[in-house]
Amino acid sequence: TKDMHTYDDNCEFHISNLYDNMDHYFLIHLINWFCAALIVRDYYILHFWSILDEIIELSWQHILPHFAECWWDHILMDLIMTNTVAIIIGVELTKVLGLKQFDWLGRKGKKSIGDWDFWKCHRRFGGVCYMFIVIISNFLTGFFMISALWIPPKNAMNPVRLLLWFLLAAISFGELHDDIETWG
């Protein structure tokens, strides 16, 4: 809509453009990835997910114009300044709080990527694939719903939807990890 801020109208790499794009989505990225880190608790999965989100935005920007961003917005604002910072703070906080760290890929004690349990265990491979299907579905559903129903980006329904997602995910991700580790 005409009232929505666009993120690809001036892609000149300049500090004023960076500041112009530090809006509510900047804060939402920080909060979203901090909460995701509290739930997922695995740097590898979180960073892969972060990159995957940006690839999805690039792939769907022809249908969802709000996904259209300048190159520096994807790389600097999203991946580096918000996602990575929030992921590090969130995962480190889980360590400080003594929460169980999840090893979704089965990396611990392995010398090379080829030795990871992810490649050798069908339940781990399936669990991680299932997790990403749910994550991608939730990500796209939120934005398609906003677009299809003409819901303004600053509507209260958006943070309520995310809060509900994180409350449910906090339980289900822990159970999924326990199932992967102990099943069969």
# chains A, B, ... in the order shown; residues from 1 in each chain; ligands from 1
>>> closest_atom_pairs(of="range 63-119 of chain A", to="range 129-141 of chain A", cutoff="12 Å", atoms="only C-alpha atoms", output="CSV")
residue,atom,partner,partner_atom,distance
A:Ile63,CA,A:Leu140,CA,11.3
A:Leu64,CA,A:Leu140,CA,9.8
A:Phe67,CA,A:Leu140,CA,10.7
A:Trp104,CA,A:Met131,CA,10.1
A:Leu105,CA,A:Cys129,CA,10.9
A:Phe118,CA,A:Cys129,CA,10.1
A:Trp119,CA,A:Cys129,CA,11.8
>>> write_last_selection(atoms="C-alpha atoms", output="compact mmCIF listing (two decimals), in the first residue's frame")
# COMPACT_ATOMS: atom_id res chain seq x y z
CA ILE A 63 4.80 -11.76 -5.24
CA LEU A 64 5.37 -9.96 -1.94
CA PHE A 67 10.39 -8.48 0.51
CA TRP A 104 20.46 -30.71 15.94
CA LEU A 105 23.05 -31.93 13.43
CA PHE A 118 22.60 -35.65 10.39
CA TRP A 119 23.93 -37.52 7.33
>>> residues_around(residues="Ile39 in chain A", least_positions_apart="4", cutoff="10 Å", atoms="only C-alpha atoms", output="list in words")
Trp33, Phe34, Cys35, Leu46, Gly90, Val91, Thr94, Gln101, Phe102, Phe166, Leu167, Ala169, Ala170, Ile171, Ser172, Phe173 and Gly174 of chain A
>>> closest_residue(among="A:Tyr19, A:Arg41, A:Asp9, A:Leu163", to="Lys100 in chain A", atoms="only C-alpha atoms")
A:Arg41
>>> select_by_dssp(residues="range 16-76 of chain A", states="helix (DSSP H, G or I)", output="PyMOL selection string")
chain A and resi 16-20+24-40+43-60+65-67+71-76
>>> write_last_selection(atoms="N, CA and C atoms", output="short mmCIF file (atom, residue, chain, number, x, y, z; two decimals), in the first residue's frame")
data_model
loop_
_atom_site.label_atom_id
_atom_site.label_comp_id
_atom_site.auth_asym_id
_atom_site.auth_seq_id
_atom_site.Cartn_x
_atom_site.Cartn_y
_atom_site.Cartn_z
N SER A 16 22.70 7.58 5.66
CA SER A 16 21.34 8.08 5.85
C SER A 16 20.31 7.03 5.42
N ASN A 17 20.63 6.24 4.40
CA ASN A 17 19.73 5.17 3.98
C ASN A 17 19.69 4.05 5.01
N LEU A 18 20.84 3.77 5.64
CA LEU A 18 20.86 2.77 6.71
C LEU A 18 19.95 3.20 7.85
N TYR A 19 20.09 4.45 8.29
CA TYR A 19 19.25 4.97 9.37
C TYR A 19 17.78 4.98 8.99
N ASP A 20 17.49 5.30 7.74
CA ASP A 20 16.11 5.34 7.27
C ASP A 20 15.44 3.97 7.37
N HIS A 24 10.56 -0.26 12.56
CA HIS A 24 10.04 -1.31 13.44
C HIS A 24 10.50 -2.70 13.02
N TYR A 25 10.77 -2.91 11.73
CA TYR A 25 11.24 -4.22 11.29
C TYR A 25 12.65 -4.51 11.80
N PHE A 26 13.45 -3.48 11.97
CA PHE A 26 14.79 -3.66 12.53
C PHE A 26 14.67 -4.22 13.95
N LEU A 27 13.79 -3.62 14.74
CA LEU A 27 13.56 -4.08 16.11
C LEU A 27 12.94 -5.47 16.12
N ILE A 28 12.00 -5.71 15.20
CA ILE A 28 11.36 -7.03 15.13
C ILE A 28 12.38 -8.11 14.78
N HIS A 29 13.32 -7.79 13.87
CA HIS A 29 14.37 -8.76 13.54
C HIS A 29 15.18 -9.11 14.78
N LEU A 30 15.56 -8.10 15.55
CA LEU A 30 16.34 -8.37 16.77
C LEU A 30 15.57 -9.25 17.74
N ILE A 31 14.33 -8.89 18.01
CA ILE A 31 13.52 -9.65 18.97
C ILE A 31 13.25 -11.06 18.44
N ASN A 32 12.90 -11.16 17.16
CA ASN A 32 12.60 -12.45 16.54
C ASN A 32 13.78 -13.41 16.65
N TRP A 33 14.96 -12.95 16.29
CA TRP A 33 16.13 -13.84 16.30
C TRP A 33 16.63 -14.12 17.70
N PHE A 34 16.43 -13.19 18.62
CA PHE A 34 16.77 -13.44 20.02
C PHE A 34 15.88 -14.57 20.56
N CYS A 35 14.57 -14.46 20.30
CA CYS A 35 13.63 -15.51 20.75
C CYS A 35 13.93 -16.84 20.06
N ALA A 36 14.23 -16.78 18.76
CA ALA A 36 14.57 -18.02 18.04
C ALA A 36 15.79 -18.69 18.65
N ALA A 37 16.77 -17.89 19.04
CA ALA A 37 17.98 -18.45 19.66
C ALA A 37 17.67 -19.11 20.99
N LEU A 38 16.74 -18.54 21.76
CA LEU A 38 16.35 -19.14 23.03
C LEU A 38 15.68 -20.50 22.83
N ILE A 39 15.04 -20.67 21.68
CA ILE A 39 14.31 -21.90 21.41
C ILE A 39 15.18 -22.94 20.71
N VAL A 40 15.90 -22.54 19.66
CA VAL A 40 16.65 -23.49 18.84
C VAL A 40 17.99 -23.86 19.48
N TYR A 43 23.91 -22.69 16.99
CA TYR A 43 24.42 -21.66 16.08
C TYR A 43 24.30 -22.06 14.61
N TYR A 44 24.62 -23.30 14.30
CA TYR A 44 24.61 -23.74 12.90
C TYR A 44 23.21 -23.65 12.30
N ILE A 45 22.23 -24.17 13.01
CA ILE A 45 20.85 -24.15 12.53
C ILE A 45 20.35 -22.71 12.43
N LEU A 46 20.63 -21.90 13.43
CA LEU A 46 20.15 -20.52 13.44
C LEU A 46 20.74 -19.70 12.29
N HIS A 47 22.02 -19.84 12.04
CA HIS A 47 22.63 -19.08 10.95
C HIS A 47 22.16 -19.58 9.59
N PHE A 48 21.99 -20.88 9.46
CA PHE A 48 21.44 -21.41 8.21
C PHE A 48 20.03 -20.88 7.99
N TRP A 49 19.22 -20.89 9.03
CA TRP A 49 17.85 -20.38 8.99
C TRP A 49 17.84 -18.90 8.61
N SER A 50 18.75 -18.13 9.19
CA SER A 50 18.84 -16.70 8.90
C SER A 50 19.14 -16.45 7.42
N ILE A 51 20.09 -17.18 6.88
CA ILE A 51 20.43 -17.05 5.46
C ILE A 51 19.27 -17.53 4.59
N LEU A 52 18.65 -18.63 5.00
CA LEU A 52 17.50 -19.16 4.26
C LEU A 52 16.36 -18.14 4.20
N ASP A 53 16.11 -17.44 5.30
CA ASP A 53 15.07 -16.40 5.29
C ASP A 53 15.35 -15.33 4.24
N GLU A 54 16.60 -14.92 4.14
CA GLU A 54 16.95 -13.90 3.15
C GLU A 54 16.81 -14.43 1.72
N ILE A 55 17.15 -15.69 1.52
CA ILE A 55 16.98 -16.30 0.19
C ILE A 55 15.49 -16.39 -0.15
N ILE A 56 14.67 -16.74 0.84
CA ILE A 56 13.22 -16.79 0.62
C ILE A 56 12.69 -15.40 0.27
N GLU A 57 13.16 -14.38 0.98
CA GLU A 57 12.72 -13.01 0.65
C GLU A 57 13.09 -12.67 -0.79
N LEU A 58 14.30 -13.00 -1.21
CA LEU A 58 14.69 -12.74 -2.60
C LEU A 58 13.82 -13.53 -3.58
N SER A 59 13.48 -14.74 -3.22
CA SER A 59 12.72 -15.61 -4.12
C SER A 59 11.26 -15.21 -4.26
N TRP A 60 10.69 -14.60 -3.23
CA TRP A 60 9.27 -14.27 -3.24
C TRP A 60 8.99 -12.78 -3.42
N PRO A 65 5.91 -7.67 -2.60
CA PRO A 65 6.83 -6.54 -2.85
C PRO A 65 7.54 -6.05 -1.59
N HIS A 66 6.95 -6.34 -0.42
CA HIS A 66 7.58 -5.90 0.82
C HIS A 66 8.91 -6.62 1.08
N PHE A 67 9.13 -7.75 0.40
CA PHE A 67 10.39 -8.48 0.51
C PHE A 67 11.51 -7.84 -0.30
N TRP A 71 20.60 -4.66 -1.59
CA TRP A 71 21.57 -5.70 -1.24
C TRP A 71 22.12 -5.49 0.16
N TRP A 72 22.40 -4.22 0.53
CA TRP A 72 22.99 -3.95 1.83
C TRP A 72 21.97 -4.15 2.95
N ASP A 73 20.70 -4.06 2.64
CA ASP A 73 19.67 -4.32 3.65
C ASP A 73 19.67 -5.82 3.99
N HIS A 74 19.72 -6.67 2.98
CA HIS A 74 19.76 -8.12 3.21
C HIS A 74 21.01 -8.51 3.99
N ILE A 75 22.15 -8.00 3.57
CA ILE A 75 23.42 -8.44 4.15
C ILE A 75 23.76 -7.72 5.45
N LEU A 76 23.79 -6.39 5.41
CA LEU A 76 24.21 -5.64 6.59
C LEU A 76 23.12 -5.54 7.66
#
>>> atom_distance(atom1="CA of Ala156 in chain A", atom2="CA of Met81 in chain A")
24.8 Å
